[in-house]
>>> print(open('my_file25.tsv').read())   # TSV, C-alpha atoms
chain	number	residue	atom	x	y	z
A	250	MET	CA	97.68	129.79	97.52
A	251	ASP	CA	95.17	129.83	94.69
A	252	LEU	CA	96.74	127.76	91.90
A	253	GLU	CA	94.39	129.27	89.29
A	254	ALA	CA	95.70	132.71	90.23
A	255	VAL	CA	99.28	131.46	89.92
A	256	ARG	CA	98.47	129.88	86.55
A	257	THR	CA	96.92	133.16	85.44
A	258	PHE	CA	100.02	135.07	86.55
A	259	VAL	CA	102.27	132.80	84.47
A	260	ALA	CA	99.94	133.18	81.46
A	261	VAL	CA	100.11	136.98	81.68
A	262	ALA	CA	103.89	136.88	82.09
A	263	ASP	CA	104.22	134.69	78.98
A	264	ALA	CA	101.73	136.67	76.86
A	265	GLY	CA	102.81	140.12	78.04
A	266	GLN	CA	99.18	141.30	77.93
A	267	PHE	CA	96.11	140.68	80.09
A	268	ARG	CA	93.89	140.40	76.98
A	269	GLU	CA	95.98	137.68	75.32
A	270	ALA	CA	96.28	135.78	78.61
A	271	ALA	CA	92.49	135.90	78.96
A	272	ALA	CA	92.09	134.42	75.49
A	273	ASP	CA	94.62	131.67	76.23
A	274	LEU	CA	92.81	130.78	79.48
A	275	ALA	CA	89.33	131.10	77.92
A	276	VAL	CA	88.19	133.61	80.57
A	277	THR	CA	87.35	137.30	80.49
A	278	GLN	CA	89.99	140.00	80.81
A	279	GLN	CA	88.15	141.17	83.95
A	280	ALA	CA	88.61	137.72	85.51
A	281	VAL	CA	92.34	137.83	84.75
A	282	SER	CA	92.68	141.28	86.31
A	283	LYS	CA	90.76	140.15	89.41
A	284	ARG	CA	92.93	137.05	89.88
A	285	ILE	CA	96.15	139.04	89.57
A	286	ALA	CA	94.86	141.68	92.02
A	287	VAL	CA	93.99	138.99	94.61
A	288	LEU	CA	97.39	137.34	94.15
A	289	GLU	CA	99.23	140.66	94.57
A	290	LYS	CA	97.20	141.38	97.70
A	291	ASN	CA	98.03	137.98	99.18
A	292	LEU	CA	101.73	138.35	98.39
A	293	GLY	CA	101.91	141.99	99.44
A	294	VAL	CA	103.79	143.07	96.29
A	295	ARG	CA	103.05	144.32	92.79
A	296	LEU	CA	103.77	141.74	90.11
A	297	PHE	CA	103.10	143.77	86.95
A	298	THR	CA	103.44	147.34	85.75
A	299	ARG	CA	100.96	148.32	83.03
A	300	THR	CA	102.61	150.08	80.08
A	301	ALA	CA	101.59	151.10	76.57
A	302	ARG	CA	103.00	147.81	75.32
A	303	GLY	CA	101.04	145.71	77.84
A	304	ALA	CA	102.03	144.24	81.22
A	305	GLU	CA	105.67	144.14	82.31
A	306	LEU	CA	106.96	142.16	85.27
A	307	THR	CA	108.24	144.12	88.24
A	308	PHE	CA	111.40	142.95	90.00
A	309	ASP	CA	109.18	141.08	92.45
A	310	GLY	CA	107.25	139.61	89.55
A	311	GLN	CA	110.47	138.36	87.95
A	312	ALA	CA	111.52	136.77	91.24
A	313	PHE	CA	108.13	135.11	91.69
A	314	LEU	CA	107.88	133.79	88.11
A	315	LEU	CA	110.52	131.07	88.51
A	316	GLN	CA	108.90	129.79	91.70
A	317	ALA	CA	105.41	130.02	90.17
A	318	ARG	CA	106.44	127.79	87.26
A	319	GLU	CA	107.88	125.22	89.67
A	320	LEU	CA	104.74	125.40	91.81
A	321	LEU	CA	102.58	124.58	88.79
A	322	ARG	CA	104.90	121.72	87.75
A	323	VAL	CA	104.59	120.21	91.24
A	324	ALA	CA	100.81	120.61	91.15
A	325	ASP	CA	100.61	118.91	87.74
A	326	ARG	CA	102.77	116.02	88.98
A	327	ALA	CA	100.55	115.68	92.06
A	328	VAL	CA	97.45	115.39	89.87
A	329	ALA	CA	99.14	112.95	87.49
A	330	SER	CA	100.19	110.72	90.40
A	331	VAL	CA	96.57	109.86	91.20
A	332	ARG	CA	94.68	110.27	87.93
A	333	PRO	CA	94.12	106.97	86.06
A	334	GLY	CA	95.68	107.08	82.63
A	335	ARG	CA	98.26	109.65	83.72
A	336	ARG	CA	99.69	108.15	86.90
A	337	PRO	CA	101.87	105.01	86.83
A	338	LEU	CA	100.18	101.60	86.69
A	339	ARG	CA	100.07	100.26	90.26
A	340	VAL	CA	100.33	96.49	90.65
A	341	ASP	CA	100.62	94.42	93.84
A	342	VAL	CA	103.08	91.50	93.60
A	343	ILE	CA	102.95	90.37	97.29
A	344	ALA	CA	106.73	89.72	97.48
A	345	SER	CA	109.81	90.91	95.59
A	346	ARG	CA	111.30	87.46	94.88
A	347	GLY	CA	108.13	85.67	93.82
A	348	ALA	CA	106.73	84.68	90.44
A	349	GLN	CA	104.45	87.72	90.34
A	350	ALA	CA	107.43	90.08	90.53
A	351	GLY	CA	109.04	88.12	87.70
A	352	LEU	CA	105.95	88.55	85.54
A	353	MET	CA	106.04	92.30	86.12
A	354	ARG	CA	109.76	92.48	85.28
A	355	ASP	CA	109.03	90.72	81.99
A	356	PHE	CA	106.15	93.13	81.32
A	357	HIS	CA	108.40	96.13	82.01
A	358	ARG	CA	111.00	94.83	79.55
A	359	ALA	CA	108.30	94.41	76.91
A	360	HIS	CA	106.68	97.81	77.65
A	361	PRO	CA	109.35	100.18	79.01
A	362	GLU	CA	107.18	103.14	77.98
A	363	ILE	CA	104.55	102.30	80.65
A	364	GLU	CA	105.36	103.76	84.07
A	365	LEU	CA	104.99	101.25	86.90
A	366	ASP	CA	104.55	101.39	90.65
A	367	VAL	CA	105.17	97.86	91.98
A	368	LEU	CA	103.67	97.41	95.44
A	369	MET	CA	103.71	94.61	98.02
A	370	VAL	CA	100.42	94.22	99.87
A	371	PHE	CA	100.43	91.22	102.21
A	372	ASP	CA	96.71	90.84	102.91
A	373	ILE	CA	94.28	89.95	100.13
A	374	GLU	CA	91.43	91.92	101.77
A	375	ALA	CA	93.61	95.04	101.77
A	376	ALA	CA	94.57	94.46	98.14
A	377	VAL	CA	90.97	93.93	97.02
A	378	THR	CA	89.80	96.99	98.97
A	379	ALA	CA	92.52	99.09	97.29
A	380	ILE	CA	91.48	97.81	93.85
A	381	ARG	CA	87.82	98.63	94.47
A	382	ALA	CA	88.81	102.11	95.67
A	383	GLY	CA	91.06	102.67	92.64
A	384	SER	CA	94.21	103.04	94.77
A	385	ILE	CA	95.89	100.15	92.96
A	386	ASP	CA	95.08	98.71	89.55
A	387	ALA	CA	95.71	94.98	89.93
A	388	THR	CA	96.98	92.23	92.21
A	389	PHE	CA	98.19	88.66	91.76
A	390	ARG	CA	96.37	86.11	93.96
A	391	ALA	CA	95.02	82.57	94.04
A	392	VAL	CA	91.33	83.00	93.28
A	393	GLY	CA	88.45	80.92	94.67
A	394	ALA	CA	89.64	80.03	98.18
A	395	PRO	CA	86.73	78.91	100.41
A	396	GLY	CA	84.96	81.88	101.97
A	397	ARG	CA	86.74	84.31	99.63
A	398	PRO	CA	84.40	85.07	96.71
A	399	LEU	CA	85.55	87.70	94.24
A	400	PRO	CA	83.59	90.90	95.01
A	401	GLU	CA	81.11	92.27	92.49
A	402	GLY	CA	82.73	94.49	89.87
A	403	LEU	CA	86.09	92.69	89.89
A	404	ASP	CA	87.44	90.32	87.24
A	405	SER	CA	90.26	87.80	87.26
A	406	VAL	CA	92.19	85.64	84.82
A	407	ARG	CA	94.56	82.76	85.53
A	408	VAL	CA	98.00	83.80	84.25
A	409	LEU	CA	100.55	81.35	85.67
A	410	ASP	CA	100.54	77.82	87.12
A	411	GLU	CA	103.78	77.62	89.08
A	412	PRO	CA	105.13	74.14	89.92
A	413	LEU	CA	106.29	73.60	93.49
A	414	GLN	CA	109.79	72.34	94.19
A	415	LEU	CA	111.23	70.72	97.30
A	416	LEU	CA	114.15	72.63	98.79
A	417	THR	CA	116.53	70.63	100.99
A	418	GLY	CA	119.94	70.92	102.58
A	419	PRO	CA	122.83	68.70	101.39
A	420	ALA	CA	122.37	66.17	104.22
A	421	HIS	CA	118.64	65.62	103.73
A	422	ALA	CA	117.55	62.07	102.84
A	423	LEU	CA	116.13	63.26	99.50
A	424	ALA	CA	118.97	65.64	98.59
A	425	GLY	CA	120.35	63.35	95.90
A	426	ALA	CA	117.05	62.78	94.09
A	427	ARG	CA	116.54	64.21	90.60
A	428	SER	CA	112.79	64.39	91.29
A	429	VAL	CA	110.52	63.34	94.15
A	430	PRO	CA	107.07	61.75	93.81
A	431	LEU	CA	104.55	63.55	96.00
A	432	ALA	CA	103.72	60.32	97.85
A	433	GLN	CA	107.37	59.93	98.85
A	434	LEU	CA	107.16	63.12	100.92
A	435	VAL	CA	104.77	61.51	103.41
A	436	GLY	CA	106.54	61.36	106.79
A	437	HIS	CA	109.07	64.07	105.92
A	438	ARG	CA	108.92	67.39	107.81
A	439	ILE	CA	108.25	70.34	105.50
A	440	TRP	CA	108.80	73.61	107.33
A	441	MET	CA	107.02	76.74	106.05
A	442	PRO	CA	106.90	79.47	108.70
A	443	GLY	CA	105.54	81.96	106.15
A	444	ILE	CA	102.10	80.31	106.08
A	445	VAL	CA	99.61	82.65	107.75
A	446	PRO	CA	96.17	81.32	108.73
A	447	GLY	CA	93.36	82.89	106.72
A	448	THR	CA	95.45	83.64	103.63
A	449	GLU	CA	94.78	82.10	100.25
A	450	TRP	CA	98.12	80.29	100.28
A	451	ALA	CA	97.27	78.80	103.69
A	452	ALA	CA	94.07	77.39	102.14
A	453	TYR	CA	96.14	75.96	99.28
A	454	TYR	CA	98.58	74.13	101.58
A	455	ASP	CA	95.77	72.95	103.88
A	456	ASP	CA	94.20	71.17	100.91
A	457	LEU	CA	97.58	69.77	99.82
A	458	VAL	CA	98.11	68.28	103.29
A	459	ALA	CA	94.58	66.90	103.47
A	460	GLU	CA	94.75	65.20	100.08
A	461	PHE	CA	98.24	63.68	100.27
A	462	GLY	CA	98.86	63.25	104.00
A	463	LEU	CA	101.90	65.53	104.10
A	464	THR	CA	103.38	67.10	107.22
A	465	ILE	CA	103.73	70.86	106.79
A	466	GLU	CA	104.83	72.80	109.87
A	467	ALA	CA	104.30	76.55	110.14
A	468	THR	CA	105.71	76.80	113.66
A	469	GLY	CA	108.04	79.55	114.85
A	470	PRO	CA	108.41	83.18	113.79
A	471	ASN	CA	108.95	84.03	110.15
A	472	PHE	CA	112.32	85.81	109.90
A	473	GLY	CA	112.24	85.87	106.11
A	474	SER	CA	113.64	83.72	103.31
A	475	ASP	CA	117.31	84.13	104.27
A	476	ALA	CA	116.70	82.72	107.77
A	477	LEU	CA	114.59	79.92	106.27
A	478	LEU	CA	117.39	78.94	103.87
A	479	ASP	CA	119.96	78.99	106.69
A	480	THR	CA	117.83	76.64	108.80
A	481	VAL	CA	117.04	74.21	105.96
A	482	ALA	CA	120.73	74.07	104.98
A	483	ASP	CA	121.78	73.20	108.56
A	484	THR	CA	118.94	70.82	109.49
A	485	PRO	CA	118.89	67.42	107.71
A	486	ALA	CA	115.37	66.64	108.95
A	487	LEU	CA	113.76	69.74	107.41
A	488	ALA	CA	112.77	70.66	103.87
A	489	THR	CA	110.51	73.37	102.47
A	490	PHE	CA	108.43	74.09	99.39
A	491	MET	CA	109.40	76.84	96.97
A	492	GLY	CA	107.81	77.96	93.73
A	493	GLU	CA	109.78	77.11	90.61
A	494	HIS	CA	109.95	80.81	89.67
A	495	THR	CA	110.90	82.08	93.13
A	496	ARG	CA	114.31	83.77	92.98
A	497	LEU	CA	116.62	82.52	95.74
A	498	ILE	CA	120.18	83.48	96.63
A	499	TRP	CA	122.23	81.62	99.24
A	500	PRO	CA	125.89	81.24	100.26
A	501	VAL	CA	127.85	78.65	98.28
A	502	GLY	CA	128.51	76.64	101.43
A	503	HIS	CA	124.81	75.99	101.99
A	504	GLY	CA	124.69	73.37	99.23
A	505	LEU	CA	120.91	73.61	98.92
A	506	ARG	CA	119.02	71.44	96.42
A	507	ARG	CA	115.93	72.40	94.42
A	508	ILE	CA	114.11	69.18	93.52
A	509	PRO	CA	111.07	68.95	91.19
A	510	VAL	CA	107.99	67.30	92.71
A	511	THR	CA	106.14	64.81	90.49
A	512	GLY	CA	103.29	62.32	90.37
A	513	PRO	CA	101.36	64.70	90.40
A	514	THR	CA	103.19	68.02	90.40
A	515	PRO	CA	101.45	70.50	92.71
A	516	VAL	CA	101.13	73.85	90.93
A	517	TYR	CA	100.22	77.16	92.53
A	518	PRO	CA	97.66	79.12	90.48
A	519	HIS	CA	98.45	82.82	90.08
A	520	SER	CA	95.57	84.97	88.83
A	521	LEU	CA	95.47	88.66	87.98
A	522	ILE	CA	92.60	90.55	89.65
A	523	TRP	CA	91.43	94.00	88.52
A	524	ARG	CA	88.35	96.24	88.64
A	525	ARG	CA	86.19	95.77	85.58
A	526	ASP	CA	85.70	99.50	84.92
A	527	ASN	CA	89.32	100.55	85.50
A	528	PRO	CA	90.22	102.84	82.55
A	529	HIS	CA	94.02	102.82	82.96
A	530	PRO	CA	95.53	102.08	79.52
A	531	GLY	CA	98.49	100.31	81.13
A	532	LEU	CA	96.12	97.72	82.59
A	533	THR	CA	94.89	96.82	79.12
A	534	ALA	CA	98.48	96.33	77.99
A	535	LEU	CA	99.29	94.21	81.05
A	536	ARG	CA	96.30	91.91	80.50
A	537	ALA	CA	97.21	91.47	76.83
A	538	PHE	CA	100.82	90.72	77.74
A	539	LEU	CA	99.91	88.14	80.39
A	540	GLY	CA	97.45	86.55	77.98
A	541	SER	CA	100.19	86.12	75.38
A	542	THR	CA	102.66	84.60	77.88
A	543	ARG	CA	100.15	82.47	79.80
A	544	SER	CA	101.70	79.33	81.29
A	545	GLY	CA	98.88	76.88	80.72
A	546	ARG	CA	98.00	74.17	83.17
A	547	SER	CA	98.01	70.55	82.13
A	548	ASP	CA	94.98	68.34	82.69
A	549	GLY	CA	97.23	65.44	83.63
A	550	GLY	CA	100.21	65.23	85.94
A	551	THR	CA	99.47	68.33	88.00
A	552	TRP	CA	97.42	69.09	91.11
A	553	THR	CA	95.58	72.14	92.40
A	554	PRO	CA	92.83	72.36	95.05
A	555	THR	CA	89.29	71.86	93.78
A	556	TRP	CA	88.40	75.50	94.45
A	557	THR	CA	91.04	76.71	91.95
A	558	ARG	CA	89.51	74.59	89.19
A	559	GLN	CA	86.21	76.47	89.08
>>> encode(input="my_file25.tsv", output="structure tokens")
Amino acid sequence: MDLEAVRTFVAVADAGQFREAAADLAVTQQAVSKRIAVLEKNLGVRLFTRTARGAELTFDGQAFLLQARELLRVADRAVASVRPGRRPLRVDVIASRGAQAGLMRDFHRAHPEIELDVLMVFDIEAAVTAIRAGSIDATFRAVGAPGRPLPEGLDSVRVLDEPLQLLTGPAHALAGARSVPLAQLVGHRIWMPGIVPGTEWAAYYDDLVAEFGLTIEATGPNFGSDALLDTVADTPALATFMGEHTRLIWPVGHGLRRIPVTGPTPVYPHSLIWRRDNPHPGLTALRAFLGSTRSGRSDGGTWTPTWTRQ
């Protein structure tokens, strides 16, 4: 169905005259008459009766008017859903319980007037491709991993350095510690089945292992955080790393411990990535918000891989 013809029909119905509808639509009266004639032919009914006072809706026209208005509302919503500046701001946070999701929750509280679509794209190549195509507006990633240069036309800014914590069950040898020096973790099994080769976080943990001689195991299928917490709680020999801002919920009986890591504290660098020419006004507000809440990294007492320091 020709939406311009439907829009013209609604304009004539509202104005009551073909001439006034033509003026409202900035077209000729002949164009209005032609559109209505084509629409009537396609529908197989007469929509208007011409009278001395103008154009009056027939019974079929009255029945069609309600549906025509709804059709135009749906069409307008469809356009707004994909047009930058009118559609919601689309941001990839990778996972719902991570620090990135927390940043977006804080942004939404500060700017409830900005509509948001929060997405979870696992693969950085897919996220970057979507940003370049304009399908999403921004993503949170660790920038600078070897072999992963930022494509031309994209920008990034470091927005959060998240300290890692050791998560243990109640029977683990380090469960009673208030903090754990990084060197003390040598020889302990740290189980992280969520590490996927080729991802930026895999590159981060590879460098952590290489520099401090840790034992990080990514063996076995990844059944999600709940299964990971169950296993760590029941296995005294296993621990895992979690970001300080990662939201975790577990049964009271698990007795899990979150222990700060020190000397130095490994921090995971979260950066916002966006396309330089993206015109969405919500993106400007998001960048300003993240800039004002930036969790700065310390030159002493923390560790990140060399590629994140560029």
>>> residues_around(input="my_file25.tsv", residues="stretch 276-293 of chain A", least_positions_apart="4", cutoff="10 Å", atoms="all atoms listed in the file", output="number ranges by chain")
A: 250-258, 260-261, 266-272, 297, 309-310, 313
>>> closest_residue(input="my_file25.tsv", among="A:Gly462, A:Pro442, A:Pro500, A:Gly512", to="A:Leu477", atoms="all atoms listed in the file")
A:Pro442
>>> atom_distance(input="my_file25.tsv", atom1="atom CA of A:Tyr453", atom2="atom CA of A:His357")
29.2 Å
>>> closest_residue(input="my_file25.tsv", among="A:Asp341, A:Asp372, A:Asp479, A:Glu411", to="A:Ile385", atoms="only C-alpha atoms")
A:Asp341
>>> closest_atom_pairs(input="my_file25.tsv", of="stretch 504-559 of chain A", to="stretch 361-364 of chain A", cutoff="10 Å", atoms="all atoms listed in the file", output="JSON lines")
{"residue": "A:Pro530", "atom": "CA", "partner": "A:Ile363", "partner_atom": "CA", "distance": 9.1}
{"residue": "A:Gly531", "atom": "CA", "partner": "A:Ile363", "partner_atom": "CA", "distance": 6.4}
{"residue": "A:Leu532", "atom": "CA", "partner": "A:Ile363", "partner_atom": "CA", "distance": 9.8}
{"residue": "A:Ala534", "atom": "CA", "partner": "A:Ile363", "partner_atom": "CA", "distance": 8.9}
{"residue": "A:Leu535", "atom": "CA", "partner": "A:Ile363", "partner_atom": "CA", "distance": 9.7}
>>> closest_residue(input="my_file25.tsv", among="A:Gly347, A:Pro337, A:Gly425, A:Pro470", to="A:Ser384", atoms="all atoms listed in the file")
A:Pro337
>>> residues_around(input="my_file25.tsv", residues="A:Pro509", least_positions_apart="3", cutoff="10 Å", atoms="all atoms listed in the file", output="PDB file with C-alpha atoms, in the coordinates of the input")
ATOM      1  CA  PRO A 412     105.130  74.140  89.920  1.00  0.00           C
ATOM      2  CA  LEU A 413     106.290  73.600  93.490  1.00  0.00           C
ATOM      3  CA  GLN A 414     109.790  72.340  94.190  1.00  0.00           C
ATOM      4  CA  LEU A 415     111.230  70.720  97.300  1.00  0.00           C
ATOM      5  CA  LEU A 416     114.150  72.630  98.790  1.00  0.00           C
ATOM      6  CA  ALA A 426     117.050  62.780  94.090  1.00  0.00           C
ATOM      7  CA  ARG A 427     116.540  64.210  90.600  1.00  0.00           C
ATOM      8  CA  SER A 428     112.790  64.390  91.290  1.00  0.00           C
ATOM      9  CA  VAL A 429     110.520  63.340  94.150  1.00  0.00           C
ATOM     10  CA  PRO A 430     107.070  61.750  93.810  1.00  0.00           C
ATOM     11  CA  LEU A 431     104.550  63.550  96.000  1.00  0.00           C
ATOM     12  CA  MET A 491     109.400  76.840  96.970  1.00  0.00           C
ATOM     13  CA  GLY A 492     107.810  77.960  93.730  1.00  0.00           C
ATOM     14  CA  GLU A 493     109.780  77.110  90.610  1.00  0.00           C
ATOM     15  CA  ARG A 506     119.020  71.440  96.420  1.00  0.00           C
ATOM     16  CA  THR A 514     103.190  68.020  90.400  1.00  0.00           C
ATOM     17  CA  PRO A 515     101.450  70.500  92.710  1.00  0.00           C
TER      18      PRO A 515
END
>>> atom_distance(input="my_file25.tsv", atom1="atom CA of A:Arg318", atom2="atom CA of A:Glu305")
17.1 Å
>>> atom_distance(input="my_file25.tsv", atom1="atom CA of A:Glu460", atom2="atom CA of A:Thr489")
17.9 Å
